[in-house]
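K.L.:
Next comes model16.pdb, PDB, C-alpha atoms, pLDDT in the B column:
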ATOM      1  CA  MET A   1      -4.455   3.974  -1.249  1.00 91.00           C
ATOM      2  CA  LEU A   2      -2.358   6.781   0.181  1.00 92.00           C
ATOM      3  CA  ILE A   3       1.071   7.755  -1.097  1.00 89.00           C
ATOM      4  CA  HIS A   4       3.452  10.424   0.110  1.00 88.00           C
ATOM      5  CA  ILE A   5       6.584  11.380  -1.815  1.00 86.00           C
ATOM      6  CA  ALA A   6       9.451  13.243  -0.211  1.00 85.00           C
ATOM      7  CA  GLY A   7       9.942  16.758  -1.498  1.00 80.00           C
ATOM      8  CA  LEU A   8       6.379  17.368  -2.656  1.00 83.00           C
ATOM      9  CA  PRO A   9       4.451  20.216  -1.002  1.00 85.00           C
ATOM     10  CA  THR A  10       1.500  17.911  -0.285  1.00 85.00           C
ATOM     11  CA  SER A  11       3.605  15.429   1.704  1.00 85.00           C
ATOM     12  CA  PRO A  12       3.870  15.882   5.485  1.00 84.00           C
ATOM     13  CA  THR A  13       7.397  16.963   6.334  1.00 80.00           C
ATOM     14  CA  THR A  14       7.280  15.017   9.603  1.00 83.00           C
ATOM     15  CA  LEU A  15       6.941  11.778   7.643  1.00 84.00           C
ATOM     16  CA  PHE A  16      10.361  12.210   6.051  1.00 85.00           C
ATOM     17  CA  LYS A  17      12.244  14.463   8.469  1.00 84.00           C
ATOM     18  CA  HIS A  18      15.490  12.818   9.641  1.00 83.00           C
ATOM     19  CA  ARG A  19      14.622   9.714   7.604  1.00 86.00           C
ATOM     20  CA  ARG A  20      16.220   8.348   4.445  1.00 83.00           C
ATOM     21  CA  ARG A  21      12.935   7.203   2.916  1.00 86.00           C
ATOM     22  CA  ARG A  22      11.815   8.762  -0.365  1.00 85.00           C
ATOM     23  CA  SER A  23       8.226   7.516  -0.441  1.00 88.00           C
ATOM     24  CA  HIS A  24       5.608   5.986   1.836  1.00 92.00           C
ATOM     25  CA  LEU A  25       2.740   3.976   0.367  1.00 93.00           C
ATOM     26  CA  VAL A  26      -0.292   2.661   2.251  1.00 96.00           C
ATOM     27  CA  ILE A  27      -2.685   0.176   0.655  1.00 96.00           C
ATOM     28  CA  GLN A  28      -5.832  -0.981   2.431  1.00 97.00           C
ATOM     29  CA  GLY A  29      -8.594  -3.291   1.306  1.00 97.00           C
ATOM     30  CA  ARG A  30     -10.076  -6.770   1.240  1.00 97.00           C
ATOM     31  CA  PHE A  31      -9.264  -9.735  -0.959  1.00 96.00           C
ATOM     32  CA  ARG A  32     -12.116 -10.930  -3.153  1.00 94.00           C
ATOM     33  CA  GLU A  33     -11.288 -14.584  -2.572  1.00 95.00           C
ATOM     34  CA  PRO A  34      -9.008 -16.613  -0.300  1.00 95.00           C
ATOM     35  CA  VAL A  35      -5.391 -16.361  -1.456  1.00 94.00           C
ATOM     36  CA  PRO A  36      -2.301 -17.942   0.131  1.00 94.00           C
ATOM     37  CA  LEU A  37      -0.246 -14.972   1.275  1.00 94.00           C
ATOM     38  CA  ASP A  38       3.018 -16.567   0.191  1.00 92.00           C
ATOM     39  CA  ALA A  39       1.607 -16.497  -3.359  1.00 93.00           C
ATOM     40  CA  VAL A  40       1.078 -12.711  -3.380  1.00 95.00           C
ATOM     41  CA  LEU A  41       3.939 -10.683  -4.862  1.00 94.00           C
ATOM     42  CA  THR A  42       4.738  -7.003  -5.160  1.00 92.00           C
ATOM     43  CA  GLY A  43       7.096  -5.108  -7.430  1.00 86.00           C
ATOM     44  CA  GLN A  44       7.277  -4.157 -11.092  1.00 83.00           C
ATOM     45  CA  THR A  45       6.259  -5.766 -14.359  1.00 84.00           C
ATOM     46  CA  LEU A  46       6.869  -4.209 -17.763  1.00 81.00           C
ATOM     47  CA  ALA A  47       5.293  -4.785 -21.151  1.00 82.00           C
ATOM     48  CA  ARG A  48       8.656  -4.112 -22.804  1.00 85.00           C
ATOM     49  CA  PRO A  49      12.217  -4.588 -21.570  1.00 80.00           C
ATOM     50  CA  LEU A  50      14.178  -1.623 -20.301  1.00 77.00           C
ATOM     51  CA  THR A  51      16.265   0.152 -22.921  1.00 81.00           C
ATOM     52  CA  ARG A  52      19.730   1.745 -23.008  1.00 78.00           C
ATOM     53  CA  LEU A  53      20.842  -0.156 -19.943  1.00 74.00           C
ATOM     54  CA  PRO A  54      24.296   0.200 -18.380  1.00 70.00           C
ATOM     55  CA  SER A  55      26.999  -2.322 -19.215  1.00 71.00           C
ATOM     56  CA  PRO A  56      26.295  -6.004 -18.398  1.00 72.00           C
ATOM     57  CA  TRP A  57      28.826  -6.125 -15.565  1.00 57.00           C
ATOM     58  CA  LEU A  58      27.166  -3.137 -13.913  1.00 59.00           C
ATOM     59  CA  MET A  59      23.719  -4.686 -14.337  1.00 63.00           C
ATOM     60  CA  ARG A  60      24.966  -7.866 -12.664  1.00 66.00           C
ATOM     61  CA  ALA A  61      26.329  -5.785  -9.810  1.00 61.00           C
ATOM     62  CA  LEU A  62      23.035  -3.907  -9.471  1.00 62.00           C
ATOM     63  CA  CYS A  63      21.084  -7.182  -9.400  1.00 67.00           C
ATOM     64  CA  HIS A  64      23.444  -8.466  -6.719  1.00 59.00           C
ATOM     65  CA  VAL A  65      22.827  -5.353  -4.621  1.00 59.00           C
ATOM     66  CA  ALA A  66      19.058  -5.696  -5.113  1.00 62.00           C
ATOM     67  CA  ARG A  67      19.114  -9.299  -3.924  1.00 60.00           C
ATOM     68  CA  ARG A  68      21.209  -8.337  -0.917  1.00 60.00           C
ATOM     69  CA  LEU A  69      18.567  -5.764   0.011  1.00 57.00           C
ATOM     70  CA  SER A  70      15.715  -8.215  -0.658  1.00 64.00           C
ATOM     71  CA  PRO A  71      16.896 -11.858  -0.681  1.00 60.00           C
ATOM     72  CA  SER A  72      13.532 -13.151  -1.903  1.00 71.00           C
ATOM     73  CA  LEU A  73      13.531 -10.826  -4.915  1.00 73.00           C
ATOM     74  CA  VAL A  74      13.073 -12.497  -8.311  1.00 75.00           C
ATOM     75  CA  ILE A  75      14.479 -10.513 -11.246  1.00 74.00           C
ATOM     76  CA  SER A  76      13.752 -11.185 -14.905  1.00 74.00           C
ATOM     77  CA  GLU A  77      14.008  -9.170 -18.116  1.00 72.00           C
ATOM     78  CA  ARG A  78      10.570  -7.616 -17.615  1.00 76.00           C
ATOM     79  CA  SER A  79       9.796  -7.993 -13.933  1.00 77.00           C
ATOM     80  CA  LEU A  80      11.110  -7.478 -10.448  1.00 80.00           C
ATOM     81  CA  LEU A  81       8.925  -9.182  -7.843  1.00 89.00           C
ATOM     82  CA  ALA A  82       9.128 -10.321  -4.221  1.00 89.00           C
ATOM     83  CA  PRO A  83       6.658 -11.847  -1.744  1.00 92.00           C
ATOM     84  CA  ILE A  84       4.522  -9.021  -0.425  1.00 95.00           C
ATOM     85  CA  CYS A  85       4.729 -10.114   3.202  1.00 95.00           C
ATOM     86  CA  ALA A  86       8.510 -10.360   2.960  1.00 93.00           C
ATOM     87  CA  SER A  87       8.652  -6.830   1.551  1.00 92.00           C
ATOM     88  CA  ALA A  88       6.089  -4.676   3.359  1.00 95.00           C
ATOM     89  CA  GLN A  89       7.418  -2.710   6.315  1.00 94.00           C
ATOM     90  CA  ALA A  90       4.141  -3.208   8.186  1.00 97.00           C
ATOM     91  CA  VAL A  91       1.085  -5.423   7.659  1.00 98.00           C
ATOM     92  CA  HIS A  92      -2.093  -5.173   9.707  1.00 98.00           C
ATOM     93  CA  VAL A  93      -5.074  -7.528   9.481  1.00 98.00           C
ATOM     94  CA  ALA A  94      -8.371  -6.640  11.146  1.00 97.00           C
ATOM     95  CA  ALA A  95     -12.056  -7.391  11.171  1.00 97.00           C
ATOM     96  CA  PRO A  96     -14.100  -4.896   9.126  1.00 97.00           C
ATOM     97  CA  GLY A  97     -14.646  -1.729  11.107  1.00 96.00           C
ATOM     98  CA  GLN A  98     -11.555  -2.312  13.245  1.00 97.00           C
ATOM     99  CA  GLU A  99      -8.954  -1.456  10.631  1.00 97.00           C
ATOM    100  CA  PRO A 100      -6.610   1.504  11.241  1.00 97.00           C
ATOM    101  CA  ALA A 101      -6.998   4.721   9.291  1.00 97.00           C
ATOM    102  CA  LEU A 102      -4.634   5.187   6.369  1.00 95.00           C
ATOM    103  CA  THR A 103      -3.059   8.123   8.172  1.00 92.00           C
ATOM    104  CA  ASP A 104      -2.454   6.195  11.407  1.00 94.00           C
ATOM    105  CA  PRO A 105       1.123   5.198  12.265  1.00 92.00           C
ATOM    106  CA  PRO A 106       2.074   1.789  10.836  1.00 94.00           C
ATOM    107  CA  GLN A 107       0.898  -1.151  12.915  1.00 96.00           C
ATOM    108  CA  GLU A 108       2.037  -4.769  12.721  1.00 98.00           C
ATOM    109  CA  ASP A 109      -0.529  -7.468  13.476  1.00 98.00           C
ATOM    110  CA  MET A 110      -1.222 -10.514  11.303  1.00 97.00           C
ATOM    111  CA  ARG A 111      -2.486 -12.810  14.046  1.00 96.00           C
ATOM    112  CA  LEU A 112      -5.866 -13.286  12.342  1.00 96.00           C
ATOM    113  CA  CYS A 113      -4.139 -15.015   9.417  1.00 94.00           C
ATOM    114  CA  SER A 114      -2.335 -17.832  11.179  1.00 92.00           C
ATOM    115  CA  PRO A 115      -0.989 -18.929  14.583  1.00 92.00           C
ATOM    116  CA  VAL A 116       2.542 -18.760  13.148  1.00 92.00           C
ATOM    117  CA  LEU A 117       2.120 -14.976  12.955  1.00 95.00           C
ATOM    118  CA  SER A 118       1.735 -14.718  16.710  1.00 94.00           C
ATOM    119  CA  LEU A 119       4.453 -14.792  19.350  1.00 94.00           C
ATOM    120  CA  HIS A 120       3.346 -15.497  22.929  1.00 94.00           C
ATOM    121  CA  GLY A 121      -0.055 -14.065  22.074  1.00 94.00           C
ATOM    122  CA  GLU A 122       1.369 -10.848  20.628  1.00 97.00           C
ATOM    123  CA  PRO A 123       1.858  -9.939  16.955  1.00 97.00           C
ATOM    124  CA  LEU A 124       4.947 -11.472  15.407  1.00 96.00           C
ATOM    125  CA  PRO A 125       7.551  -8.682  15.122  1.00 97.00           C
ATOM    126  CA  THR A 126       8.031  -7.214  11.671  1.00 96.00           C
ATOM    127  CA  ASP A 127      11.541  -8.542  11.109  1.00 94.00           C
ATOM    128  CA  GLN A 128      10.462 -12.074  12.020  1.00 95.00           C
ATOM    129  CA  ARG A 129       7.385 -11.853   9.811  1.00 95.00           C
ATOM    130  CA  ARG A 130       9.511 -10.739   6.862  1.00 93.00           C
ATOM    131  CA  ARG A 131      12.003 -13.557   7.417  1.00 91.00           C
ATOM    132  CA  LEU A 132       9.180 -16.079   7.669  1.00 92.00           C
ATOM    133  CA  PHE A 133       7.684 -15.082   4.323  1.00 92.00           C
ATOM    134  CA  ALA A 134      11.107 -15.041   2.697  1.00 87.00           C
ATOM    135  CA  SER A 135      11.645 -18.655   3.759  1.00 85.00           C
ATOM    136  CA  ALA A 136      10.093 -22.015   2.994  1.00 79.00           C
ATOM    137  CA  GLN A 137       8.267 -21.887   6.332  1.00 78.00           C
ATOM    138  CA  ALA A 138       5.569 -19.661   4.817  1.00 75.00           C
ATOM    139  CA  LYS A 139       4.825 -22.317   2.200  1.00 72.00           C
ATOM    140  CA  ARG A 140       4.513 -24.962   4.898  1.00 76.00           C
ATOM    141  CA  ALA A 141       2.343 -22.835   7.200  1.00 78.00           C
ATOM    142  CA  ARG A 142       0.375 -21.460   4.229  1.00 83.00           C
ATOM    143  CA  PRO A 143      -1.252 -18.388   5.854  1.00 91.00           C
ATOM    144  CA  VAL A 144      -4.268 -17.397   3.790  1.00 93.00           C
ATOM    145  CA  ALA A 145      -5.690 -13.944   3.090  1.00 94.00           C
ATOM    146  CA  ALA A 146      -9.400 -14.227   3.863  1.00 94.00           C
ATOM    147  CA  PRO A 147     -12.031 -12.017   2.184  1.00 96.00           C
ATOM    148  CA  ASP A 148     -13.667 -11.233   5.529  1.00 95.00           C
ATOM    149  CA  HIS A 149     -10.601  -9.366   6.835  1.00 97.00           C
ATOM    150  CA  VAL A 150      -9.253  -5.907   6.026  1.00 98.00           C
ATOM    151  CA  TYR A 151      -5.560  -5.767   5.115  1.00 98.00           C
ATOM    152  CA  THR A 152      -3.370  -2.688   5.505  1.00 98.00           C
ATOM    153  CA  PHE A 153       0.081  -2.714   3.919  1.00 98.00           C
ATOM    154  CA  HIS A 154       2.744  -0.061   4.504  1.00 96.00           C
ATOM    155  CA  PHE A 155       5.721   0.273   2.179  1.00 94.00           C
ATOM    156  CA  TRP A 156       8.519   2.793   2.352  1.00 90.00           C
ATOM    157  CA  GLN A 157      11.862   2.878   0.634  1.00 84.00           C
ATOM    158  CA  HIS A 158      14.865   5.142   0.165  1.00 80.00           C
ATOM    159  CA  LEU A 159      16.258   4.135  -3.235  1.00 77.00           C
ATOM    160  CA  LEU A 160      13.631   5.323  -5.722  1.00 78.00           C
ATOM    161  CA  ASP A 161      12.676   8.993  -5.913  1.00 76.00           C
ATOM    162  CA  LEU A 162       9.266   9.017  -7.602  1.00 75.00           C
ATOM    163  CA  ALA A 163       9.365  12.798  -7.876  1.00 70.00           C
ATOM    164  CA  SER A 164      12.431  12.710 -10.148  1.00 72.00           C
ATOM    165  CA  LEU A 165      12.419   9.093 -11.385  1.00 74.00           C
ATOM    166  CA  GLN A 166      15.938   8.683 -10.036  1.00 75.00           C
ATOM    167  CA  LEU A 167      17.034   5.320  -8.646  1.00 76.00           C
ATOM    168  CA  ALA A 168      19.950   5.771  -6.268  1.00 73.00           C
ATOM    169  CA  THR A 169      21.633   2.424  -5.634  1.00 70.00           C
ATOM    170  CA  PRO A 170      24.735   2.126  -3.439  1.00 65.00           C
ATOM    171  CA  ILE A 171      26.920   1.819  -6.544  1.00 66.00           C
ATOM    172  CA  TYR A 172      25.159   3.736  -9.314  1.00 69.00           C
ATOM    173  CA  ARG A 173      22.503   6.397  -9.871  1.00 76.00           C
ATOM    174  CA  ILE A 174      20.003   5.642 -12.641  1.00 77.00           C
ATOM    175  CA  ASP A 175      17.652   8.039 -14.410  1.00 79.00           C
ATOM    176  CA  LEU A 176      14.767   5.641 -15.040  1.00 77.00           C
ATOM    177  CA  ALA A 177      13.116   7.993 -17.526  1.00 75.00           C
ATOM    178  CA  THR A 178      15.847   7.153 -20.033  1.00 77.00           C
ATOM    179  CA  HIS A 179      15.319   3.388 -19.676  1.00 77.00           C
ATOM    180  CA  LEU A 180      11.554   2.853 -19.330  1.00 80.00           C
ATOM    181  CA  ASP A 181      10.833   3.316 -23.044  1.00 80.00           C
ATOM    182  CA  GLY A 182       7.754   5.405 -22.258  1.00 82.00           C
ATOM    183  CA  GLN A 183       6.339   2.940 -19.743  1.00 83.00           C
ATOM    184  CA  PRO A 184       5.049   4.005 -16.325  1.00 83.00           C
ATOM    185  CA  LEU A 185       6.334   2.670 -13.057  1.00 80.00           C
ATOM    186  CA  GLN A 186       3.865   0.418 -11.297  1.00 82.00           C
ATOM    187  CA  LEU A 187       2.594   0.119  -7.759  1.00 84.00           C
ATOM    188  CA  LEU A 188       1.667  -3.512  -8.161  1.00 90.00           C
ATOM    189  CA  ALA A 189       0.619  -6.625  -6.312  1.00 94.00           C
ATOM    190  CA  CYS A 190      -0.237  -9.857  -8.081  1.00 93.00           C
ATOM    191  CA  THR A 191      -0.426 -13.581  -7.483  1.00 94.00           C
ATOM    192  CA  ARG A 192       2.245 -15.953  -8.708  1.00 91.00           C
ATOM    193  CA  ASP A 193      -0.075 -17.066 -11.508  1.00 90.00           C
ATOM    194  CA  GLY A 194      -0.448 -13.490 -12.756  1.00 88.00           C
ATOM    195  CA  ARG A 195      -3.774 -12.355 -11.282  1.00 91.00           C
ATOM    196  CA  ALA A 196      -3.791  -8.703 -10.247  1.00 91.00           C
ATOM    197  CA  VAL A 197      -4.403  -7.864  -6.600  1.00 94.00           C
ATOM    198  CA  TRP A 198      -3.914  -4.158  -7.206  1.00 93.00           C
ATOM    199  CA  ALA A 199      -2.190  -2.166  -9.917  1.00 90.00           C
ATOM    200  CA  PHE A 200      -1.558   1.564 -10.055  1.00 87.00           C
ATOM    201  CA  GLU A 201       0.642   3.443 -12.491  1.00 84.00           C
ATOM    202  CA  ALA A 202       3.093   6.135 -11.458  1.00 76.00           C
ATOM    203  CA  ARG A 203       3.622   8.514 -14.364  1.00 71.00           C
ATOM    204  CA  ARG A 204       5.891  11.491 -14.775  1.00 64.00           C
ATOM    205  CA  ARG A 205       5.401  13.824 -17.717  1.00 60.00           C
ATOM    206  CA  ARG A 206       9.140  14.124 -18.335  1.00 52.00           C
ATOM    207  CA  ALA A 207       9.369  10.406 -19.091  1.00 46.00           C
ATOM    208  CA  TYR A 208       7.146  10.560 -22.198  1.00 45.00           C
TER     209      TYR A 208
END
Show me, as structure tokens, the structure contained in the file I just sent.
P.N.:
Amino acid sequence: MLIHIAGLPTSPTTLFKHRRRRSHLVIQGRFREPVPLDAVLTGQTLARPLTRLPSPWLMRALCHVARRLSPSLVISERSLLAPICASAQAVHVAAPGQEPALTDPPQEDMRLCSPVLSLHGEPLPTDQRRRLFASAQAKRARPVAAPDHVYTFHFWQHLLDLASLQLATPIYRIDLATHLDGQPLQLLACTRDGRAVWAFEARRRRAY
């Protein structure tokens, strides 16, 4: 795993210069067993509900904005999850030894998973791959993550500032430290039946 957060002295300035993104996460590894990729989710799960939330009408508006940004997002009282291949900005699948370095520029290539992830012999473009996994077509095609391949996922986003725990939505700015009830943020992937694919905790001392 490699994570860069905007504003930290250890993060390359070129990664964020002239870009809105607040963090860039790279995850690379192999699945231990075959898993249908449409069944792998990423997002947040909490042991306890958020506390001291804004008014219900504002929460409904925030949920509406979140679903506009990610139509496949599923929101519940203690979780916020979306299909990983509909969320990641880049996904690369390679034979062992041919995977890109974590510091390489993001590459898109999922052709080893399924013919539907190829277009005229070339990798399916990112926007088409994300639409595919956000639709019922992914369930019909059922691309499978195989243990003999190496998977590299890139995620970046501009709403959540991990350095300050501030969530800046288009309509409201939220200080997550006041709502998490002492819980860490998660960098999480799991299957629909609850099995962990990876799980890392993002903690800030000011939140506890």
K.L.:
Looking at A:Ala88, A:Val40, A:Val26, A:Leu119, which one is nearest to A:Pro143, with distances taken over only C-alpha atoms?
P.N.:
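Nearest to A:Pro143: A:Val40.
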K.L.:
List, as JSON, numbers by chain, every residue that the PyMOL selection byres ((chain A and resi 95-111) around 8) selects in the file provided.
P.N.:
{"A": [1, 2, 26, 27, 28, 90, 91, 92, 93, 94, 112, 113, 114, 115, 116, 117, 118, 122, 123, 124, 125, 126, 148, 149, 150, 151, 152, 154]}
K.L.:
Using Å and a single decimal, report how far atom CA of A:Ala47 sits from atom CA of A:Leu187.
P.N.:
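Between these atoms lies a distance of 14.5 Å.
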K.L.:
Once the PyMOL selection byres ((chain A and resi 191-203) around 12) has been evaluated on this model, what residues remain selected, and can you format them as a PDB file with C-alpha atoms, in the coordinates of the input?
P.N.:
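Contents of the output file part-v4.pdb:
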ATOM      1  CA  MET A   1      -4.455   3.974  -1.249  1.00 91.00           C
ATOM      2  CA  LEU A   2      -2.358   6.781   0.181  1.00 92.00           C
ATOM      3  CA  ILE A   3       1.071   7.755  -1.097  1.00 89.00           C
ATOM      4  CA  ILE A   5       6.584  11.380  -1.815  1.00 86.00           C
ATOM      5  CA  LEU A  25       2.740   3.976   0.367  1.00 93.00           C
ATOM      6  CA  ILE A  27      -2.685   0.176   0.655  1.00 96.00           C
ATOM      7  CA  GLN A  28      -5.832  -0.981   2.431  1.00 97.00           C
ATOM      8  CA  GLY A  29      -8.594  -3.291   1.306  1.00 97.00           C
ATOM      9  CA  ARG A  30     -10.076  -6.770   1.240  1.00 97.00           C
ATOM     10  CA  PHE A  31      -9.264  -9.735  -0.959  1.00 96.00           C
ATOM     11  CA  ARG A  32     -12.116 -10.930  -3.153  1.00 94.00           C
ATOM     12  CA  GLU A  33     -11.288 -14.584  -2.572  1.00 95.00           C
ATOM     13  CA  PRO A  34      -9.008 -16.613  -0.300  1.00 95.00           C
ATOM     14  CA  VAL A  35      -5.391 -16.361  -1.456  1.00 94.00           C
ATOM     15  CA  PRO A  36      -2.301 -17.942   0.131  1.00 94.00           C
ATOM     16  CA  LEU A  37      -0.246 -14.972   1.275  1.00 94.00           C
ATOM     17  CA  ASP A  38       3.018 -16.567   0.191  1.00 92.00           C
ATOM     18  CA  ALA A  39       1.607 -16.497  -3.359  1.00 93.00           C
ATOM     19  CA  VAL A  40       1.078 -12.711  -3.380  1.00 95.00           C
ATOM     20  CA  LEU A  41       3.939 -10.683  -4.862  1.00 94.00           C
ATOM     21  CA  THR A  42       4.738  -7.003  -5.160  1.00 92.00           C
ATOM     22  CA  GLY A  43       7.096  -5.108  -7.430  1.00 86.00           C
ATOM     23  CA  GLN A  44       7.277  -4.157 -11.092  1.00 83.00           C
ATOM     24  CA  THR A  45       6.259  -5.766 -14.359  1.00 84.00           C
ATOM     25  CA  LEU A  46       6.869  -4.209 -17.763  1.00 81.00           C
ATOM     26  CA  VAL A  74      13.073 -12.497  -8.311  1.00 75.00           C
ATOM     27  CA  SER A  79       9.796  -7.993 -13.933  1.00 77.00           C
ATOM     28  CA  LEU A  81       8.925  -9.182  -7.843  1.00 89.00           C
ATOM     29  CA  ALA A  82       9.128 -10.321  -4.221  1.00 89.00           C
ATOM     30  CA  PRO A  83       6.658 -11.847  -1.744  1.00 92.00           C
ATOM     31  CA  ILE A  84       4.522  -9.021  -0.425  1.00 95.00           C
ATOM     32  CA  ALA A 145      -5.690 -13.944   3.090  1.00 94.00           C
ATOM     33  CA  TYR A 151      -5.560  -5.767   5.115  1.00 98.00           C
ATOM     34  CA  PHE A 153       0.081  -2.714   3.919  1.00 98.00           C
ATOM     35  CA  ASP A 161      12.676   8.993  -5.913  1.00 76.00           C
ATOM     36  CA  LEU A 162       9.266   9.017  -7.602  1.00 75.00           C
ATOM     37  CA  ALA A 163       9.365  12.798  -7.876  1.00 70.00           C
ATOM     38  CA  SER A 164      12.431  12.710 -10.148  1.00 72.00           C
ATOM     39  CA  LEU A 165      12.419   9.093 -11.385  1.00 74.00           C
ATOM     40  CA  LEU A 176      14.767   5.641 -15.040  1.00 77.00           C
ATOM     41  CA  ALA A 177      13.116   7.993 -17.526  1.00 75.00           C
ATOM     42  CA  LEU A 180      11.554   2.853 -19.330  1.00 80.00           C
ATOM     43  CA  GLY A 182       7.754   5.405 -22.258  1.00 82.00           C
ATOM     44  CA  GLN A 183       6.339   2.940 -19.743  1.00 83.00           C
ATOM     45  CA  PRO A 184       5.049   4.005 -16.325  1.00 83.00           C
ATOM     46  CA  LEU A 185       6.334   2.670 -13.057  1.00 80.00           C
ATOM     47  CA  GLN A 186       3.865   0.418 -11.297  1.00 82.00           C
ATOM     48  CA  LEU A 187       2.594   0.119  -7.759  1.00 84.00           C
ATOM     49  CA  LEU A 188       1.667  -3.512  -8.161  1.00 90.00           C
ATOM     50  CA  ALA A 189       0.619  -6.625  -6.312  1.00 94.00           C
ATOM     51  CA  CYS A 190      -0.237  -9.857  -8.081  1.00 93.00           C
ATOM     52  CA  ARG A 204       5.891  11.491 -14.775  1.00 64.00           C
ATOM     53  CA  ARG A 205       5.401  13.824 -17.717  1.00 60.00           C
ATOM     54  CA  ARG A 206       9.140  14.124 -18.335  1.00 52.00           C
ATOM     55  CA  ALA A 207       9.369  10.406 -19.091  1.00 46.00           C
ATOM     56  CA  TYR A 208       7.146  10.560 -22.198  1.00 45.00           C
TER      57      TYR A 208
END
K.L.:
So how far away is atom CA of A:His4 from atom CA of A:Trp156, in Å?
P.N.:
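According to the coordinates, atom CA of A:Trp156 and atom CA of A:His4 are separated by 9.4 Å.
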K.L.:
Quick one, how far is atom CA of A:Arg129 from atom CA of A:Ala146?
P.N.:
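Spanning atom CA of A:Arg129 to atom CA of A:Ala146 is a straight-line distance of 18.0 Å.
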K.L.:
I need the residue nearest A:His179 from this list: A:Leu8, A:Leu167, A:Cys85, A:Leu73. Use all atoms listed in the file for the distance.
P.N.:
A:Leu167
K.L.:
Report as a PyMOL selection string all protein, DNA and RNA residues lying within 8 Å of A:Asp181, evaluated on only C-alpha atoms, omitting residues in the same chain fewer than 3 positions from it.
P.N.:
chain A and resi 48+50-51+177-178
